[in-house]
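The structure under discussion appears below in the form of structure tokens.
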Amino acid sequence: MFIQLEALFGGGVERLALDYEFDFSAEELGGVFPFTTPVILKGEIRNTAGIVTIDAEADFSMEITCDRCAEDIRPEFTVEIRHDLVASLNHEDNDDYILLEDMKLDIEQLTLEDIYLALPGKFLCKEDCKGLCSECGANLNEGPCECKKDIDPRFEALLSLLDE
């Protein structure tokens, strides 16, 4: 979805409200399609003293699997979308600004990119998730498993002290 920003850059309009719903259900992440509900974007694009900025938040939830225990989880996120927009750059290698030579902003693509950059490296059901037993596959969050753990032979002498 493109937003025409000529009026903002030209000074005819000072602010433009953002209130959009995006359907990212076709976006794949780690082999799954976690965006089962719309992403809600609210905020504004404004021209303040000749500087055009976007200041918005994207709210969404995902349906994904915990990376440690494989339980289905539904985390909720709020991602800040904050960028300075320019019509031209003096130095082409400047990544601090988003260049809009044709005065059009693809707000949907920008939102998706910012969401991907803000997502955690691991999705966990809780911060101290214990994961699965490497022997039997039991969920260790539900309690200890029945596996007999192999004892390192270097520590067998210490184990005999516990028996006394």
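Chains: A, B, ... in order of the structure tokens. Residues: from 1 per chain. Ligands: from 1, in order shown.
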*helix (DSSP H, G or I) call set, DSSP backbone run, range 44-161 of chain A, as a VMD selection string*: chain A and resid 107 to 118 153 to 161
Which neighbours of Ala70 in chain A fall inside 10 Å, counting only C-alpha atoms, when residues of the same chain fewer than 6 positions from it are skipped, and could you give them as a PDB file with C-alpha atoms, in the first residue's frame?
ATOM      1  CA  ILE A  64       4.036 -19.912  16.857  1.00  0.00           C
ATOM      2  CA  PHE A 123      10.272 -17.558  20.743  1.00  0.00           C
ATOM      3  CA  LEU A 124       9.769 -18.857  24.277  1.00  0.00           C
ATOM      4  CA  CYS A 125       6.594 -19.728  26.176  1.00  0.00           C
ATOM      5  CA  GLY A 131      12.555 -27.324  27.281  1.00  0.00           C
ATOM      6  CA  LEU A 132      12.385 -31.044  26.501  1.00  0.00           C
ATOM      7  CA  ASN A 139       8.298 -31.461  28.658  1.00  0.00           C
TER       8      ASN A 139
END
*asked:* Which residues are close to Arg74 in chain A, i.e. within 7 Å by only C-alpha atoms, leaving aside same-chain residues fewer than 4 positions away? Reply as a ChimeraX atom specification.
replied: /A:61-64
*Hey, which of A:Asp59, A:Leu18, A:Ile51, A:Cys69 ends up closest to Ser134 in chain A? Count only C-alpha atoms.*
A:Cys69
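The shortest atom-to-atom distance to Ile40 in chain A, with only C-alpha atoms taken into account, belongs to A:Ile115 out of A:Cys129, A:Ala7, A:Ile115, A:Cys145.
The environment of range 100-112 of chain A within 9 Å, counting only C-alpha atoms and disregarding residues fewer than 6 places along the same chain, consists of Met1, Phe2, Ile3, Gln4, Leu5, Glu6, Phe9, Tyr20, Phe22, Phe24, Leu41, Ala58, Val79, Ile81, Leu85, Val86, Ala87 and Ser88 of chain A.
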